[in-house]
$ cat work18.cif   # mmCIF, C-alpha atoms
data_start
loop_
_atom_site.label_atom_id
_atom_site.label_comp_id
_atom_site.auth_asym_id
_atom_site.auth_seq_id
_atom_site.Cartn_x
_atom_site.Cartn_y
_atom_site.Cartn_z
CA LYS A 16 86.03 121.22 123.19
CA GLN A 17 88.73 120.54 125.75
CA GLU A 18 90.22 117.05 125.65
CA VAL A 19 92.79 115.67 128.06
CA THR A 20 95.09 112.79 127.16
CA GLN A 21 97.49 110.90 129.39
CA ILE A 22 100.43 108.86 128.19
CA PRO A 23 101.32 106.13 128.88
CA ALA A 24 98.08 104.40 129.80
CA ALA A 25 99.97 101.92 131.95
CA LEU A 26 103.49 101.68 133.33
CA SER A 27 105.28 98.96 135.28
CA VAL A 28 108.70 99.72 136.75
CA PRO A 29 111.09 98.37 139.39
CA GLU A 30 111.41 100.17 142.68
CA GLY A 31 113.83 103.11 142.73
CA GLU A 32 113.29 104.37 139.20
CA ASN A 33 112.52 108.01 138.42
CA LEU A 34 109.29 108.34 136.45
CA VAL A 35 107.66 110.86 134.14
CA LEU A 36 103.92 110.80 133.52
CA ASN A 37 102.55 112.96 130.72
CA CYS A 38 99.34 114.91 130.35
CA SER A 39 98.32 116.94 127.30
CA PHE A 40 95.29 119.14 126.71
CA THR A 41 93.90 120.63 123.53
CA ASP A 42 92.83 124.09 124.69
CA SER A 43 95.48 126.19 126.42
CA ALA A 44 92.89 128.51 127.99
CA ILE A 45 92.93 126.87 131.40
CA TYR A 46 92.70 128.30 134.88
CA ASN A 47 94.79 125.60 136.55
CA LEU A 48 95.70 121.92 136.43
CA GLN A 49 95.46 119.38 139.24
CA TRP A 50 97.16 115.98 139.61
CA PHE A 51 95.50 113.20 141.60
CA ARG A 52 96.15 109.59 142.52
CA GLN A 53 93.38 107.03 142.75
CA ASP A 54 93.80 103.75 144.56
CA PRO A 55 91.57 100.80 143.57
CA GLY A 56 88.08 101.17 145.00
CA LYS A 57 88.96 104.50 146.55
CA GLY A 58 88.46 108.15 145.88
CA LEU A 59 90.94 110.64 144.50
CA THR A 60 93.76 112.11 146.52
CA SER A 61 94.90 115.56 145.44
CA LEU A 62 98.65 115.65 144.84
CA LEU A 63 99.47 119.01 143.29
CA LEU A 64 97.65 122.04 141.92
CA ILE A 65 99.40 124.29 139.41
CA GLN A 66 97.89 127.68 138.61
CA SER A 67 98.08 128.86 135.00
CA SER A 68 100.65 131.49 135.96
CA GLN A 69 102.99 128.91 137.52
CA ARG A 70 105.54 126.68 135.82
CA GLU A 71 105.89 123.97 138.46
CA GLN A 72 104.94 122.74 141.90
CA THR A 73 106.78 120.36 144.22
CA SER A 74 105.67 118.17 147.08
CA GLY A 75 108.16 115.69 148.51
CA ARG A 76 109.23 113.27 145.76
CA LEU A 77 106.68 114.72 143.34
CA ASN A 78 107.24 117.55 140.91
CA ALA A 79 104.67 118.75 138.40
CA SER A 80 105.40 121.14 135.57
CA LEU A 81 103.04 123.06 133.33
CA ASP A 82 103.62 124.44 129.84
CA LYS A 83 100.31 126.06 129.10
CA SER A 84 101.19 127.34 125.64
CA SER A 85 102.02 123.86 124.38
CA GLY A 86 99.19 122.21 126.32
CA ARG A 87 101.37 119.91 128.41
CA SER A 88 102.01 118.94 131.99
CA THR A 89 104.34 116.32 133.41
CA LEU A 90 104.38 114.63 136.80
CA TYR A 91 107.83 113.55 137.88
CA ILE A 92 108.11 110.91 140.61
CA ALA A 93 111.57 110.50 142.09
CA ALA A 94 112.87 107.24 143.56
CA SER A 95 109.61 105.33 143.04
CA GLN A 96 108.33 102.98 145.77
CA PRO A 97 105.76 100.14 145.72
CA GLY A 98 103.43 102.43 147.69
CA ASP A 99 103.32 104.73 144.66
CA SER A 100 101.36 102.09 142.75
CA ALA A 101 98.03 103.66 141.78
CA THR A 102 96.27 105.36 138.89
CA TYR A 103 97.42 108.92 138.34
CA LEU A 104 94.93 111.39 136.91
CA CYS A 105 95.41 114.88 135.62
CA ALA A 106 92.53 117.31 135.38
CA VAL A 107 92.36 120.75 133.81
CA ARG A 108 90.07 123.53 134.85
CA PRO A 109 88.93 125.69 131.93
CA ASN A 110 87.62 129.09 132.79
CA THR A 111 84.73 127.43 134.63
CA ASP A 112 84.41 125.59 137.92
CA LYS A 113 84.44 122.00 136.68
CA LEU A 114 87.43 119.74 136.16
CA ILE A 115 88.01 117.86 132.91
CA PHE A 116 89.85 114.63 133.52
CA GLY A 117 92.20 112.50 131.50
CA THR A 118 91.77 108.72 131.53
CA GLY A 119 94.79 108.19 133.73
CA THR A 120 98.08 106.32 133.88
CA ARG A 121 98.04 103.04 135.83
CA LEU A 122 101.37 102.75 137.61
CA GLN A 123 102.77 99.61 139.17
CA VAL A 124 106.05 99.74 141.06
CA PHE A 125 107.39 96.30 141.95
CA PRO A 126 110.00 95.54 144.63
CA ASN B 11 89.84 117.80 159.91
CA ALA B 12 87.61 115.17 158.35
CA GLY B 13 87.69 114.83 154.60
CA VAL B 14 84.76 114.72 152.20
CA MET B 15 82.31 112.11 153.49
CA GLN B 16 80.10 110.15 151.13
CA ASN B 17 77.50 107.58 152.01
CA PRO B 18 76.61 104.95 151.38
CA ARG B 19 79.85 103.47 150.03
CA HIS B 20 77.92 100.86 148.09
CA LEU B 21 74.31 101.00 146.97
CA VAL B 22 72.33 98.33 145.17
CA ARG B 23 69.01 99.14 143.56
CA ARG B 24 66.63 97.37 141.23
CA ARG B 25 65.59 98.97 137.96
CA GLY B 26 62.89 101.56 138.54
CA GLN B 27 63.83 102.33 142.14
CA GLU B 28 65.26 105.59 143.42
CA ALA B 29 68.88 106.13 144.51
CA ARG B 30 69.95 108.83 146.97
CA LEU B 31 73.62 109.60 147.36
CA ARG B 32 74.85 111.86 150.15
CA CYS B 33 77.92 114.06 150.42
CA SER B 34 79.17 116.10 153.36
CA PRO B 35 81.89 118.53 152.27
CA MET B 36 85.02 119.24 154.22
CA LYS B 37 84.59 121.66 157.10
CA GLY B 38 84.65 125.22 155.85
CA HIS B 39 83.97 124.25 152.24
CA SER B 40 80.90 125.75 150.62
CA HIS B 41 81.37 124.46 147.05
CA VAL B 42 80.30 120.94 146.08
CA TYR B 43 80.83 119.10 142.81
CA TRP B 44 79.49 115.74 141.65
CA TYR B 45 81.32 113.54 139.12
CA ARG B 46 80.50 110.16 137.66
CA GLN B 47 82.95 107.43 136.67
CA LEU B 48 81.47 104.83 134.36
CA PRO B 49 83.22 101.45 134.08
CA GLU B 50 86.43 101.77 132.07
CA GLU B 51 85.88 105.51 131.53
CA GLY B 52 87.26 108.67 133.06
CA LEU B 53 85.52 110.92 135.53
CA LYS B 54 82.90 113.21 134.04
CA PHE B 55 81.54 116.37 135.65
CA MET B 56 77.84 116.36 136.50
CA VAL B 57 76.91 119.36 138.65
CA TYR B 58 78.34 122.17 140.76
CA LEU B 59 76.47 123.60 143.75
CA GLN B 60 76.90 126.18 146.43
CA LYS B 61 74.65 126.38 149.46
CA GLU B 62 71.04 126.34 148.24
CA ASN B 63 72.07 127.09 144.65
CA ILE B 64 72.85 125.06 141.54
CA ILE B 65 75.62 126.92 139.74
CA ASP B 66 76.36 124.61 136.79
CA GLU B 67 74.40 121.47 135.88
CA SER B 68 75.68 121.17 132.33
CA GLY B 69 76.89 117.59 132.89
CA MET B 70 73.70 116.29 134.44
CA PRO B 71 71.31 114.17 132.37
CA LYS B 72 68.15 116.15 131.75
CA GLU B 73 65.80 113.51 133.09
CA ARG B 74 65.71 111.48 136.31
CA PHE B 75 68.74 113.18 137.90
CA SER B 76 68.61 116.03 140.41
CA ALA B 77 70.94 117.53 142.98
CA GLU B 78 70.59 119.80 145.96
CA PHE B 79 72.78 121.35 148.63
CA PRO B 80 70.48 122.67 151.34
CA LYS B 81 71.35 125.30 153.90
CA GLU B 82 71.61 122.59 156.54
CA GLY B 83 72.77 119.05 155.89
CA PRO B 84 74.61 117.21 153.16
CA SER B 85 74.39 117.56 149.42
CA ILE B 86 72.13 114.96 147.82
CA LEU B 87 72.34 113.47 144.33
CA ARG B 88 69.04 111.82 143.50
CA ILE B 89 68.44 109.40 140.64
CA GLN B 90 64.85 108.42 139.98
CA GLN B 91 63.71 105.28 138.14
CA VAL B 92 67.23 103.92 137.87
CA VAL B 93 68.34 101.93 134.81
CA ARG B 94 71.28 99.57 134.30
CA GLY B 95 73.27 102.34 132.59
CA ASP B 96 73.29 104.31 135.85
CA SER B 97 75.68 101.75 137.37
CA ALA B 98 78.83 103.72 138.12
CA ALA B 99 80.96 105.25 140.85
CA TYR B 100 79.68 108.66 141.89
CA PHE B 101 82.21 110.99 143.44
CA CYS B 102 81.67 114.18 145.35
CA ALA B 103 84.30 116.88 145.71
CA SER B 104 84.39 120.08 147.71
CA SER B 105 86.46 123.22 147.74
CA GLN B 106 86.64 126.40 149.72
CA SER B 107 86.40 129.94 148.45
CA GLY B 108 89.56 131.90 147.84
CA THR B 109 90.45 135.25 146.40
CA GLY B 110 88.88 135.11 142.96
CA GLY B 111 86.36 132.48 144.04
CA ALA B 112 86.67 128.70 144.14
CA ARG B 113 88.47 128.29 140.82
CA ASN B 114 91.96 128.74 142.22
CA GLN B 115 91.33 126.25 145.04
CA PRO B 116 91.98 122.51 144.82
CA GLN B 117 89.03 120.14 144.79
CA HIS B 118 89.09 117.42 147.44
CA PHE B 119 87.30 114.17 146.74
CA GLY B 120 85.41 111.64 148.81
CA ASP B 121 85.75 107.86 148.46
CA GLY B 122 82.67 107.68 146.24
CA THR B 123 79.44 105.72 146.16
CA ARG B 124 79.42 102.64 143.97
CA LEU B 125 75.94 102.23 142.57
CA SER B 126 74.90 98.87 141.14
CA ILE B 127 71.61 98.36 139.35
CA LEU B 128 70.16 94.86 139.24
#
$ encode --input "work18.cif" --output "structure tokens"
Amino acid sequence: KQEVTQIPAALSVPEGENLVLNCSFTDSAIYNLQWFRQDPGKGLTSLLLIQSSQREQTSGRLNASLDKSSGRSTLYIAASQPGDSATYLCAVRPNTDKLIFGTGTRLQVFP
Amino acid sequence: NAGVMQNPRHLVRRRGQEARLRCSPMKGHSHVYWYRQLPEEGLKFMVYLQKENIIDESGMPKERFSAEFPKEGPSILRIQQVVRGDSAAYFCASSQSGTGGARNQPQHFGDGTRLSIL
């Protein structure tokens, strides 16, 4: 059974720091992995999608890497800003159509 | 291009009533997924539908819950005879087809329906 774990569960940092959020999964047989952010009371915003054949994806200040064989992905946020405060979720897609989510990392960036 | 639209945003029902949650996918998307987020828990898959077909309902409770995605109109998640344990945020996502199907496409989520049972 696929399980997804995110560490740390919560993170509070001053503005400007570079951050690394971790996601691990127990079964390496995945099709792809997707990172989201969720703001309080809101839905999920898709940040990055990494296919199983890819090693990383970049969008602006965000960079996500994938090491499928070791069951790990990291989301790197450069030069963090207060507007980055949110819960960050990773989700893996096994060889099916559904996503399996981790429980998230709650990030707070203070000025 | 409008995103995934869910309504209502908030829904209050008394125990025993029916709840109907609606989801309009993004334009051009023919794949719809429903997820549930219980308080203090992560999102859990419920059901995956394409137009007029249920593809995977492995996450759906066997009783009281049903879903449809008709040829015309939004996808509907229906909960009959609601109980307190149904209180949760219900999210809908959609994706388009790509080469190899929908699996290599990102899922885009709506803002959810927050269901409260009195």
$ atom_distance --input "work18.cif" --atom1 "CA of Met70 (chain B)" --atom2 "CA of Ile89 (chain B)"
10.7 Å
$ closest_atom_pairs --input "work18.cif" --of "chain A" --to "chain B" --cutoff "6 Å" --atoms "only C-alpha atoms" --output "Markdown table"
| residue | atom | partner | partner_atom | distance |
| --- | --- | --- | --- | --- |
| A:Lys57 | CA | B:Asp121 | CA | 5.0 |
| A:Gly58 | CA | B:Asp121 | CA | 3.8 |
| A:Leu59 | CA | B:Phe119 | CA | 5.5 |
| A:Asp112 | CA | B:Arg113 | CA | 5.7 |
| A:Thr118 | CA | B:Gly52 | CA | 4.8 |
$ write_last_selection --input "work18.cif" --atoms "C-alpha atoms" --output "compact mmCIF listing (two decimals), in the coordinates of the input"
# COMPACT_ATOMS: atom_id res chain seq x y z
CA LYS A 57 88.96 104.50 146.55
CA GLY A 58 88.46 108.15 145.88
CA LEU A 59 90.94 110.64 144.50
CA ASP A 112 84.41 125.59 137.92
CA THR A 118 91.77 108.72 131.53
$ atom_distance --input "work18.cif" --atom1 "CA of Leu90 (chain A)" --atom2 "CA of Ala44 (chain A)"
20.1 Å
$ resolve_selection --input "work18.cif" --expression "the PyMOL selection byres ((chain A and resi 68-84) around 10)" --output "PyMOL selection string"
chain A and resi 33-40+42-50+62-67+85-95
$ closest_residue --input "work18.cif" --among "A:Gly119, A:Ala24, A:Gly56, A:Phe125" --to "Cys105 (chain A)" --atoms "all atoms listed in the file"
A:Gly119
$ decode --input "work18.cif" --residues "region 22-77 of chain A" --atoms "C-alpha atoms" --output "compact mmCIF listing (two decimals), in the first residue's frame"
# COMPACT_ATOMS: atom_id res chain seq x y z
CA ILE A 22 8.52 16.37 6.69
CA PRO A 23 8.46 18.72 8.47
CA ALA A 24 4.80 18.98 9.40
CA ALA A 25 5.21 22.69 10.10
CA LEU A 26 7.86 25.29 9.39
CA SER A 27 8.19 28.93 10.40
CA VAL A 28 10.96 31.02 8.84
CA PRO A 29 11.89 34.67 8.31
CA GLU A 30 11.45 36.22 4.91
CA GLY A 31 14.30 35.68 2.45
CA GLU A 32 15.32 32.19 3.52
CA ASN A 33 15.73 29.33 1.06
CA LEU A 34 13.56 26.36 2.03
CA VAL A 35 13.46 22.63 1.40
CA LEU A 36 10.27 20.65 1.90
CA ASN A 37 10.49 16.86 1.84
CA CYS A 38 8.15 14.19 0.55
CA SER A 39 8.75 10.44 0.74
CA PHE A 40 6.71 7.56 -0.62
CA THR A 41 6.90 3.85 0.09
CA ASP A 42 6.30 2.37 -3.37
CA SER A 43 8.59 3.59 -6.14
CA ALA A 44 6.21 2.40 -8.89
CA ILE A 45 4.68 5.79 -9.57
CA TYR A 46 3.58 7.45 -12.77
CA ASN A 47 4.28 11.01 -11.62
CA LEU A 48 4.31 13.29 -8.60
CA GLN A 49 2.53 16.62 -8.20
CA TRP A 50 3.18 19.45 -5.71
CA PHE A 51 0.33 21.72 -4.59
CA ARG A 52 -0.22 24.62 -2.23
CA GLN A 53 -3.40 25.03 -0.24
CA ASP A 54 -4.40 28.31 1.34
CA PRO A 55 -6.75 28.26 4.37
CA GLY A 56 -10.34 27.64 3.31
CA LYS A 57 -9.32 27.34 -0.32
CA GLY A 58 -8.71 24.65 -2.86
CA LEU A 59 -5.41 23.33 -4.13
CA THR A 60 -3.22 25.18 -6.56
CA SER A 61 -1.02 22.98 -8.74
CA LEU A 62 2.62 24.06 -8.56
CA LEU A 63 4.67 21.45 -10.38
CA LEU A 64 4.19 18.05 -11.98
CA ILE A 65 7.17 15.72 -12.36
CA GLN A 66 6.84 12.67 -14.59
CA SER A 67 8.55 9.47 -13.42
CA SER A 68 11.15 9.82 -16.18
CA GLN A 69 12.14 13.33 -15.06
CA ARG A 70 14.54 14.37 -12.32
CA GLU A 71 13.33 17.91 -11.70
CA GLN A 72 10.97 20.69 -12.71
CA THR A 73 11.30 24.44 -12.20
CA SER A 74 8.79 27.26 -12.08
CA GLY A 75 9.99 30.68 -10.98
CA ARG A 76 11.37 30.44 -7.44
CA LEU A 77 10.23 26.82 -7.12
